[in-house]
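Text of upload.cif, listed as mmCIF, C-alpha atoms:
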```cif
data_structure
loop_
_atom_site.label_atom_id
_atom_site.label_comp_id
_atom_site.auth_asym_id
_atom_site.auth_seq_id
_atom_site.Cartn_x
_atom_site.Cartn_y
_atom_site.Cartn_z
CA MET A 76 0.00 0.00 0.00
CA PRO A 77 1.17 3.58 -0.57
CA GLU A 78 2.87 5.16 2.45
CA GLU A 79 0.31 7.97 2.67
CA GLN A 80 -2.55 5.46 2.85
CA VAL A 81 -0.73 3.45 5.52
CA GLU A 82 -0.31 6.62 7.63
CA GLN A 83 -4.02 7.39 7.33
CA MET A 84 -4.93 3.87 8.46
CA MET A 85 -2.52 4.15 11.41
CA GLU A 86 -4.07 7.47 12.43
CA HIS A 87 -7.56 5.92 12.41
CA MET A 88 -6.36 2.98 14.48
CA GLU A 89 -4.55 5.27 16.92
CA LYS A 90 -7.66 7.37 17.45
CA LEU A 91 -9.86 4.29 17.97
CA VAL A 92 -7.50 2.54 20.39
CA MET A 93 -6.32 5.53 22.40
CA THR A 94 -9.79 7.01 22.80
CA ARG A 95 -10.86 3.79 24.51
CA LEU A 96 -7.68 3.45 26.59
CA HIS A 97 -7.39 7.11 27.59
CA LYS A 98 -8.80 6.84 31.11
CA TRP A 99 -6.45 3.97 31.96
CA VAL A 100 -3.17 5.21 30.50
CA PHE A 101 -3.40 9.00 30.82
CA CYS A 102 -1.47 10.26 33.88
CA HIS A 103 -1.10 6.72 35.20
CA ASP A 104 -0.33 6.11 38.87
CA SER A 105 2.95 4.41 37.95
CA CYS A 106 4.47 7.77 36.89
CA ASP A 107 4.89 11.16 38.55
CA ASP A 108 3.03 13.17 35.91
CA GLU A 109 0.53 14.60 38.38
CA GLN A 110 3.22 16.02 40.66
CA LYS A 111 5.01 17.55 37.69
CA ASP A 112 1.73 19.06 36.48
CA LEU A 113 1.27 20.80 39.81
CA ALA A 114 4.86 22.01 39.87
CA LEU A 115 4.59 23.40 36.33
CA GLN A 116 1.29 25.13 37.12
CA ARG A 117 2.81 26.78 40.20
CA ARG A 118 5.82 27.86 38.16
CA ILE A 119 3.65 29.43 35.44
CA ARG A 120 1.43 31.09 38.04
CA SER A 121 4.47 32.68 39.66
CA LEU A 122 5.45 34.18 36.27
CA LYS A 123 2.12 35.90 35.58
CA TRP A 124 3.86 39.28 35.82
CA VAL A 125 5.95 38.66 32.68
CA THR A 126 4.93 41.05 29.89
CA PRO A 127 5.21 40.57 26.10
CA GLN A 128 7.85 43.30 26.05
CA MET A 129 10.07 41.32 28.43
CA LEU A 130 9.85 38.31 26.12
CA ARG A 131 10.29 40.52 23.03
CA VAL A 132 6.98 39.32 21.64
CA PRO A 133 5.57 41.40 18.76
CA PHE A 134 2.61 43.22 20.27
CA THR A 135 0.48 46.14 19.13
CA ASP A 136 -0.68 48.90 21.46
CA ARG A 137 -4.36 48.44 22.21
CA GLY A 138 -7.00 50.05 24.33
CA PRO A 139 -8.58 48.39 27.36
CA GLU A 140 -11.57 47.36 25.26
CA ASP A 141 -9.49 45.64 22.56
CA ALA A 142 -8.97 41.87 22.74
CA ASP A 143 -5.56 40.26 23.06
CA PRO A 144 -4.42 39.27 19.52
CA TYR A 145 -3.09 35.99 20.97
CA LEU A 146 -6.43 35.04 22.57
CA PRO A 147 -7.36 32.44 19.87
CA ALA A 148 -4.00 30.71 20.44
CA ILE A 149 -4.55 30.74 24.21
CA THR A 150 -7.97 29.16 23.75
CA ALA A 151 -6.61 26.46 21.44
CA ILE A 152 -3.86 25.34 23.82
CA ILE A 153 -6.34 25.13 26.71
CA GLU A 154 -8.61 22.87 24.62
CA MET A 155 -5.84 20.25 24.37
CA ASP A 156 -6.73 18.74 27.76
CA ALA A 157 -10.30 17.95 26.59
CA LYS A 158 -9.11 15.70 23.75
CA ARG A 159 -8.43 11.98 24.14
CA ALA A 160 -6.52 10.84 21.07
CA PRO A 161 -2.88 11.99 20.73
CA GLN A 162 -3.51 13.25 17.21
CA ASP A 163 -6.42 15.40 18.44
CA LYS A 164 -4.16 16.93 21.08
CA LEU A 165 -1.59 17.59 18.37
CA CYS A 166 -4.29 19.28 16.31
CA CYS A 167 -4.86 21.69 19.20
CA VAL A 168 -1.13 22.44 19.31
CA SER A 169 -1.12 23.03 15.55
CA LYS A 170 -4.16 25.29 15.77
CA CYS A 171 -2.54 27.27 18.56
CA SER A 172 0.68 27.65 16.55
CA ARG A 173 -1.09 28.78 13.38
CA ASN A 174 -3.00 31.39 15.37
CA ILE A 175 0.31 32.60 16.83
CA PHE A 176 1.82 33.02 13.36
CA GLN A 177 -1.26 34.96 12.32
CA ALA A 178 -1.13 37.22 15.39
CA VAL A 179 2.60 37.90 15.00
CA GLY A 180 2.10 38.70 11.32
CA SER A 181 -0.67 41.17 12.14
CA CYS A 182 1.47 42.87 14.80
CA LYS A 183 4.59 43.13 12.62
CA SER A 184 2.91 43.50 9.22
CA GLU A 185 5.34 40.87 7.93
CA PRO A 186 5.75 37.08 8.18
CA ALA A 187 6.84 35.79 11.58
CA CYS A 188 10.29 34.28 12.03
CA ALA A 189 11.18 31.29 14.21
CA ASP A 190 12.38 33.45 17.12
CA ASP A 191 9.16 35.50 17.11
CA PHE A 192 7.10 32.33 17.07
CA LEU A 193 8.90 30.73 20.01
CA SER A 194 8.73 33.92 22.09
CA ALA A 195 5.01 34.26 21.35
CA LEU A 196 4.43 30.58 22.18
CA ILE A 197 6.10 31.11 25.58
CA TYR A 198 3.83 34.10 26.19
CA VAL A 199 0.74 32.09 25.21
CA VAL A 200 1.65 29.24 27.58
CA LEU A 201 2.22 31.74 30.43
CA CYS A 202 -1.15 33.38 29.79
CA ALA A 203 -3.08 30.12 29.35
CA ASN A 204 -1.42 27.98 32.04
CA PRO A 205 -3.01 24.94 30.35
CA PRO A 206 -4.39 22.25 32.66
CA ARG A 207 -2.22 19.13 33.01
CA LEU A 208 0.20 20.41 30.39
CA HIS A 209 3.02 18.04 31.35
CA SER A 210 0.72 14.99 31.34
CA ASN A 211 -0.74 15.92 27.96
CA MET A 212 2.69 16.32 26.41
CA GLN A 213 3.90 13.02 27.89
CA TYR A 214 0.75 11.28 26.68
CA VAL A 215 1.38 12.49 23.13
CA ALA A 216 5.06 11.56 23.30
CA ARG A 217 4.32 8.04 24.62
CA PHE A 218 1.38 7.06 22.43
CA GLY A 219 1.49 9.37 19.40
CA LEU A 220 2.52 8.08 16.01
CA PRO A 221 6.27 8.57 15.40
CA HIS A 222 5.83 10.21 12.00
CA ALA A 223 3.51 12.84 13.49
CA LEU A 224 6.02 13.75 16.22
CA ARG A 225 9.27 13.72 14.28
CA THR A 226 8.39 15.16 10.88
CA GLY A 227 6.09 17.65 9.26
CA GLU A 228 4.24 20.63 10.61
CA THR A 229 2.85 18.93 13.73
CA GLY A 230 6.30 17.66 14.71
CA TYR A 231 7.75 21.16 14.41
CA TYR A 232 4.98 22.68 16.53
CA PHE A 233 5.21 20.01 19.22
CA THR A 234 9.00 20.40 19.42
CA ASN A 235 8.61 24.15 19.92
CA LEU A 236 6.04 23.56 22.66
CA SER A 237 8.53 21.32 24.45
CA CYS A 238 11.19 24.03 24.11
CA ALA A 239 8.76 26.66 25.45
CA VAL A 240 8.01 24.58 28.55
CA ALA A 241 11.72 23.93 29.14
CA PHE A 242 12.41 27.67 28.83
CA ILE A 243 9.68 28.50 31.37
CA GLU A 244 11.04 25.98 33.84
CA LYS A 245 14.52 27.57 33.68
CA LEU A 246 13.49 31.21 33.17
CA ASP A 247 15.79 33.65 34.98
CA ALA A 248 16.52 37.37 35.18
CA ALA A 249 18.98 37.43 32.27
CA ALA A 250 16.41 35.95 29.88
CA LEU A 251 14.03 38.83 30.63
CA GLY A 252 16.62 41.60 30.67
CA LEU A 253 16.18 42.20 34.41
CA SER A 254 18.61 42.47 37.27
CA PRO A 255 18.61 39.66 39.85
CA ASP A 256 17.06 42.01 42.43
CA GLU A 257 14.26 43.02 40.06
CA PHE A 258 13.57 39.40 39.15
CA ARG A 259 13.54 38.41 42.81
CA GLY A 260 11.17 41.24 43.63
CA PHE A 261 8.73 40.25 40.90
CA MET A 262 8.85 36.60 41.92
CA GLN A 263 8.22 37.43 45.56
CA GLY A 264 5.43 39.84 44.70
CA GLY A 265 3.85 37.56 42.13
CA GLY A 266 0.42 38.62 40.99
CA ALA A 267 0.15 41.26 43.72
CA THR A 268 3.08 43.21 42.24
CA GLY A 269 1.78 42.93 38.72
CA ALA A 270 3.59 43.62 35.51
CA LEU A 271 5.41 46.93 35.29
CA GLY A 272 3.90 47.82 31.95
CA GLN A 273 0.41 46.93 33.07
CA ALA A 274 0.81 48.96 36.27
CA GLN A 275 1.88 52.01 34.28
CA GLN A 276 -1.09 51.58 31.97
CA VAL A 277 -3.47 51.37 34.93
CA ARG A 278 -1.98 54.52 36.45
CA GLN A 279 -2.42 56.38 33.18
CA GLN A 280 -6.03 55.27 32.95
CA LEU A 281 -6.70 56.37 36.53
CA GLU A 282 -5.12 59.76 35.85
CA GLU A 283 -7.26 60.19 32.74
CA LEU A 284 -10.38 59.26 34.71
CA ARG A 285 -9.43 61.78 37.41
CA ARG A 286 -9.08 64.56 34.82
CA ARG A 287 -12.41 63.66 33.29
CA GLN A 288 -14.08 63.64 36.69
CA GLU A 289 -12.70 67.09 37.52
CA HIS A 290 -13.96 68.42 34.18
CA VAL A 291 -17.42 66.96 34.79
CA MET A 292 -17.53 68.40 38.32
CA GLU A 293 -16.55 71.83 37.02
CA GLN A 294 -19.31 71.72 34.42
CA ALA A 295 -21.76 70.56 37.08
CA ARG A 296 -20.85 73.47 39.35
CA SER A 297 -21.27 75.93 36.47
CA LEU A 298 -24.64 74.46 35.55
CA GLN A 299 -25.73 74.58 39.19
CA ALA A 300 -24.83 78.29 39.40
CA GLN A 301 -26.76 79.00 36.21
CA LEU A 302 -29.79 77.14 37.51
CA ARG A 303 -29.61 79.03 40.82
CA SER A 304 -29.45 82.39 39.00
CA TRP A 305 -32.32 81.43 36.73
CA ALA A 306 -34.42 80.27 39.69
CA GLU A 307 -33.78 83.54 41.58
CA SER A 308 -34.68 85.70 38.59
CA THR A 309 -37.79 83.64 37.90
CA GLN A 310 -38.86 83.88 41.54
CA THR A 311 -38.33 87.68 41.52
CA ARG A 312 -40.42 88.10 38.40
CA ALA A 313 -43.15 85.85 39.80
CA ASP A 314 -43.24 87.93 42.99
CA GLU A 315 -43.60 91.11 40.95
CA VAL A 316 -46.47 89.66 38.91
CA ALA A 317 -48.23 88.47 42.06
CA TYR A 318 -47.76 91.89 43.71
CA LEU A 319 -49.21 93.75 40.72
CA THR A 320 -52.12 91.35 40.58
CA PHE A 321 -53.18 91.95 44.16
CA PHE A 322 -52.29 95.68 44.23
CA PRO A 323 -53.50 97.22 40.94
CA SER A 324 -52.91 100.80 42.12
CA SER A 325 -49.27 100.14 42.97
CA PRO A 326 -46.67 102.61 41.66
CA LEU A 327 -45.07 99.63 39.91
CA ARG A 328 -48.28 99.21 37.94
CA ARG A 329 -48.24 102.89 36.87
CA VAL A 330 -44.60 102.71 35.95
CA ASP A 331 -45.17 99.60 33.87
CA ASP A 332 -48.30 101.09 32.28
CA GLY A 333 -46.46 104.32 31.53
CA ALA A 334 -43.68 102.39 29.93
CA ASP A 335 -46.18 100.41 27.90
CA CYS A 336 -47.98 103.60 26.82
CA ARG A 337 -44.77 105.28 25.79
CA GLY A 338 -43.88 102.16 23.87
CA VAL A 339 -47.22 102.13 22.08
CA ALA A 340 -47.06 105.89 21.35
CA GLY A 341 -43.59 105.58 20.02
CA ARG A 342 -44.61 102.72 17.77
CA GLN A 343 -47.59 104.70 16.47
CA GLU A 344 -45.45 107.80 15.81
CA HIS A 345 -42.94 105.68 14.01
#
```

As structure tokens, the full file:
Amino acid sequence: MPEEQVEQMMEHMEKLVMTRLHKWVFCHDSCDDEQKDLALQRRIRSLKWVTPQMLRVPFTDRGPEDADPYLPAITAIIEMDAKRAPQDKLCCVSKCSRNIFQAVGSCKSEPACADDFLSALIYVVLCANPPRLHSNMQYVARFGLPHALRTGETGYYFTNLSCAVAFIEKLDAAALGLSPDEFRGFMQGGGATGALGQAQQVRQQLEELRRRQEHVMEQARSLQAQLRSWAESTQTRADEVAYLTFFPSSPLRRVDDGADCRGVAGRQEH
């Protein structure tokens, strides 16, 4: 049989067999995959403060209402844990990688290179913190078809994912362009410290909101003064009308009538 047809048959057999055996062989008690999953999750959680700029990931400036351009890739890598067959998990990795290439291309307005892709993949893994990432990768490595892992597009993507995880596990200050003290401070602060770039952005937004609030308050005070003046003038005029109504012989009435007569006479003369 042709090699391509043999590979297709092997993929169908792999999906049938491994879907049925998944609950028995995935993260088996005989290995320490679960402990390594927890350690990797804690490690990624402690690096939540890492920004795209620190990793030199191509990233466009966006407003608070704009979505992260790498969000489709983050979603795809999280979906890997829900799949049972190794090839389906590899499909999630491939989908994630293609979305990364698309996001990098949109941010740089040019095709992504290998270094940009790996940096962006590291950023995606840090943002997603995929569930049971170590176990999923070991499951694919143990039971996936060799030709899918060693050659072709899927093999390239899976190799880069392994490199990204290894980089995260050994990430240090030099890799991020930080001093040891800065790196230690971020690691100790964790999520409470936050990313430096994000903190600056939040401060700028708060300052802008403060300026807008002051402008609104100033307009409100001006409007309140205008309303108070209008109410006082209206009340004065209403008092005058009420006074003239109850006191027809008032000098104010004669003054007003005289003014009206002069106005009428003047109009007639004109």

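In this structure, CA of Gln294 (chain A) sits 27.0 Å away from CA of Arg312 (chain A).
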
Revision key, fill the gap. One decimal place gives the CA of Val81 (chain A)-CA of His222 (chain A) separation as 11.4 Å

Practice item. Counting all atoms listed in the file, note down every residue that has an atom within 10 Å of the point (-4.1, 31.4, 29.9) (file coordinates), as a PyMOL selection string. Key: chain A and resi 119-120+123+146+148-150+152-153+198-206

Exercise for review: Report as a VMD selection string the residues that result from applying the PyMOL selection byres ((chain A and resi 167-178) around 7) to the structure here.
Suggested key: chain A and resid 144 to 145 147 to 149 151 to 152 154 to 155 163 to 166 179 to 182 187 192 195 229 232 to 233

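Rounded to one decimal, CA of Lys158 (chain A) and CA of Asp108 (chain A) lie 17.4 Å from each other.
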
**Study point:** Nearest candidate to Ser237 (chain A) (options A:His209, A:Ala249, A:Pro133, A:Met85; using only C-alpha atoms)
**Key:**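 Distance minimum relative to Ser237 (chain A) lands on A:His209.
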
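Among the candidates A:Asp191, A:Asp156, A:Glu82, A:Glu283, the residue lying nearest to Pro127 (chain A) is A:Asp191 (atoms considered: only C-alpha atoms).
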
**Study point:** Among listed residues A:Pro221, A:Ala248, A:Ser194, A:Gln299, nearest Phe134 (chain A) (using only C-alpha atoms)
**Key:** A:Ser194

Review point. Smallest atom-to-atom distance to Met212 (chain A): which of A:Val316, A:Leu251, A:Leu130, A:Cys238, using only C-alpha atoms?
Key: A:Cys238

**Study point:** Nearest-residue call for Phe101 (chain A), choices A:Leu253, A:Met84, A:Ala216, A:Ala317, using only C-alpha atoms
**Key:**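 Among A:Leu253, A:Met84, A:Ala216, A:Ala317, it is A:Ala216 that comes nearest to Phe101 (chain A).
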
Practice item. Compile the contact shell of Gln83 (chain A) as a PyMOL selection string: residues with an atom at most 12 Å away, counting all atoms listed in the file, same-chain residues fewer than 5 positions apart removed. Key: chain A and resi 76-78+88-90+162+220+222-223

Output, as lines of an AutoDock Vina configuration file, the centre and edge lengths in Å (one decimal) of the axis-aligned box that contains all listed atoms of region 160-168 of chain A with 6 Å of margin on each side.
```
center_x = -3.8
center_y = 16.6
center_z = 18.7
size_x = 17.4
size_y = 23.6
size_z = 16.8
```

Exercise for review: Please write the residues picked by the PyMOL selection byres ((chain A and resi 246) around 12) on this file as JSON, numbers by chain.
Suggested key: {"A": [118, 119, 121, 122, 125, 129, 130, 197, 201, 238, 239, 240, 241, 242, 243, 244, 245, 247, 248, 249, 250, 251, 252, 253, 255, 258, 262]}

Region 203-225 of chain A rebuilt with N, CA and C atoms, output as a PDB file, in the frame of the given file:
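Listing of out.pdb after writing:
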```
ATOM      1  N   ALA A 203      -2.061  31.180  29.293  1.00  0.00           N
ATOM      2  CA  ALA A 203      -3.080  30.120  29.350  1.00  0.00           C
ATOM      3  C   ALA A 203      -2.936  29.249  30.589  1.00  0.00           C
ATOM      4  N   ASN A 204      -1.682  28.958  30.975  1.00  0.00           N
ATOM      5  CA  ASN A 204      -1.420  27.980  32.040  1.00  0.00           C
ATOM      6  C   ASN A 204      -2.308  26.755  31.836  1.00  0.00           C
ATOM      7  N   PRO A 205      -2.101  26.034  30.723  1.00  0.00           N
ATOM      8  CA  PRO A 205      -3.010  24.940  30.350  1.00  0.00           C
ATOM      9  C   PRO A 205      -3.088  23.868  31.425  1.00  0.00           C
ATOM     10  N   PRO A 206      -4.257  23.313  31.646  1.00  0.00           N
ATOM     11  CA  PRO A 206      -4.390  22.250  32.660  1.00  0.00           C
ATOM     12  C   PRO A 206      -3.644  20.984  32.246  1.00  0.00           C
ATOM     13  N   ARG A 207      -2.938  20.401  33.198  1.00  0.00           N
ATOM     14  CA  ARG A 207      -2.220  19.130  33.010  1.00  0.00           C
ATOM     15  C   ARG A 207      -1.330  19.155  31.775  1.00  0.00           C
ATOM     16  N   LEU A 208      -0.610  20.236  31.596  1.00  0.00           N
ATOM     17  CA  LEU A 208       0.200  20.410  30.390  1.00  0.00           C
ATOM     18  C   LEU A 208       1.273  19.329  30.292  1.00  0.00           C
ATOM     19  N   HIS A 209       1.979  19.063  31.384  1.00  0.00           N
ATOM     20  CA  HIS A 209       3.020  18.040  31.350  1.00  0.00           C
ATOM     21  C   HIS A 209       2.438  16.667  31.000  1.00  0.00           C
ATOM     22  N   SER A 210       1.339  16.298  31.619  1.00  0.00           N
ATOM     23  CA  SER A 210       0.720  14.990  31.340  1.00  0.00           C
ATOM     24  C   SER A 210       0.266  14.879  29.899  1.00  0.00           C
ATOM     25  N   ASN A 211      -0.294  15.951  29.359  1.00  0.00           N
ATOM     26  CA  ASN A 211      -0.740  15.920  27.960  1.00  0.00           C
ATOM     27  C   ASN A 211       0.433  15.756  27.016  1.00  0.00           C
ATOM     28  N   MET A 212       1.530  16.444  27.280  1.00  0.00           N
ATOM     29  CA  MET A 212       2.690  16.320  26.410  1.00  0.00           C
ATOM     30  C   MET A 212       3.315  14.925  26.514  1.00  0.00           C
ATOM     31  N   GLN A 213       3.374  14.364  27.726  1.00  0.00           N
ATOM     32  CA  GLN A 213       3.900  13.020  27.890  1.00  0.00           C
ATOM     33  C   GLN A 213       3.001  11.981  27.237  1.00  0.00           C
ATOM     34  N   TYR A 214       1.710  12.195  27.319  1.00  0.00           N
ATOM     35  CA  TYR A 214       0.750  11.280  26.680  1.00  0.00           C
ATOM     36  C   TYR A 214       0.963  11.254  25.173  1.00  0.00           C
ATOM     37  N   VAL A 215       1.141  12.420  24.582  1.00  0.00           N
ATOM     38  CA  VAL A 215       1.380  12.490  23.130  1.00  0.00           C
ATOM     39  C   VAL A 215       2.718  11.841  22.787  1.00  0.00           C
ATOM     40  N   ALA A 216       3.738  12.118  23.589  1.00  0.00           N
ATOM     41  CA  ALA A 216       5.060  11.560  23.300  1.00  0.00           C
ATOM     42  C   ALA A 216       5.083  10.038  23.437  1.00  0.00           C
ATOM     43  N   ARG A 217       4.314   9.484  24.376  1.00  0.00           N
ATOM     44  CA  ARG A 217       4.320   8.040  24.620  1.00  0.00           C
ATOM     45  C   ARG A 217       3.479   7.281  23.607  1.00  0.00           C
ATOM     46  N   PHE A 218       2.348   7.827  23.218  1.00  0.00           N
ATOM     47  CA  PHE A 218       1.380   7.060  22.430  1.00  0.00           C
ATOM     48  C   PHE A 218       1.099   7.642  21.051  1.00  0.00           C
ATOM     49  N   GLY A 219       1.694   8.807  20.734  1.00  0.00           N
ATOM     50  CA  GLY A 219       1.490   9.370  19.400  1.00  0.00           C
ATOM     51  C   GLY A 219       2.272   8.627  18.340  1.00  0.00           C
ATOM     52  N   LEU A 220       1.814   8.730  17.116  1.00  0.00           N
ATOM     53  CA  LEU A 220       2.520   8.080  16.010  1.00  0.00           C
ATOM     54  C   LEU A 220       3.859   8.767  15.766  1.00  0.00           C
ATOM     55  N   PRO A 221       4.927   7.975  15.558  1.00  0.00           N
ATOM     56  CA  PRO A 221       6.270   8.570  15.400  1.00  0.00           C
ATOM     57  C   PRO A 221       6.355   9.570  14.253  1.00  0.00           C
ATOM     58  N   HIS A 222       5.698   9.296  13.136  1.00  0.00           N
ATOM     59  CA  HIS A 222       5.830  10.210  12.000  1.00  0.00           C
ATOM     60  C   HIS A 222       5.175  11.555  12.273  1.00  0.00           C
ATOM     61  N   ALA A 223       4.174  11.574  13.164  1.00  0.00           N
ATOM     62  CA  ALA A 223       3.510  12.840  13.490  1.00  0.00           C
ATOM     63  C   ALA A 223       4.342  13.679  14.448  1.00  0.00           C
ATOM     64  N   LEU A 224       5.232  13.039  15.224  1.00  0.00           N
ATOM     65  CA  LEU A 224       6.020  13.750  16.220  1.00  0.00           C
ATOM     66  C   LEU A 224       7.389  14.165  15.705  1.00  0.00           C
ATOM     67  N   ARG A 225       7.889  13.490  14.713  1.00  0.00           N
ATOM     68  CA  ARG A 225       9.270  13.720  14.280  1.00  0.00           C
ATOM     69  C   ARG A 225       9.366  14.493  12.970  1.00  0.00           C
TER      70      ARG A 225
END
```
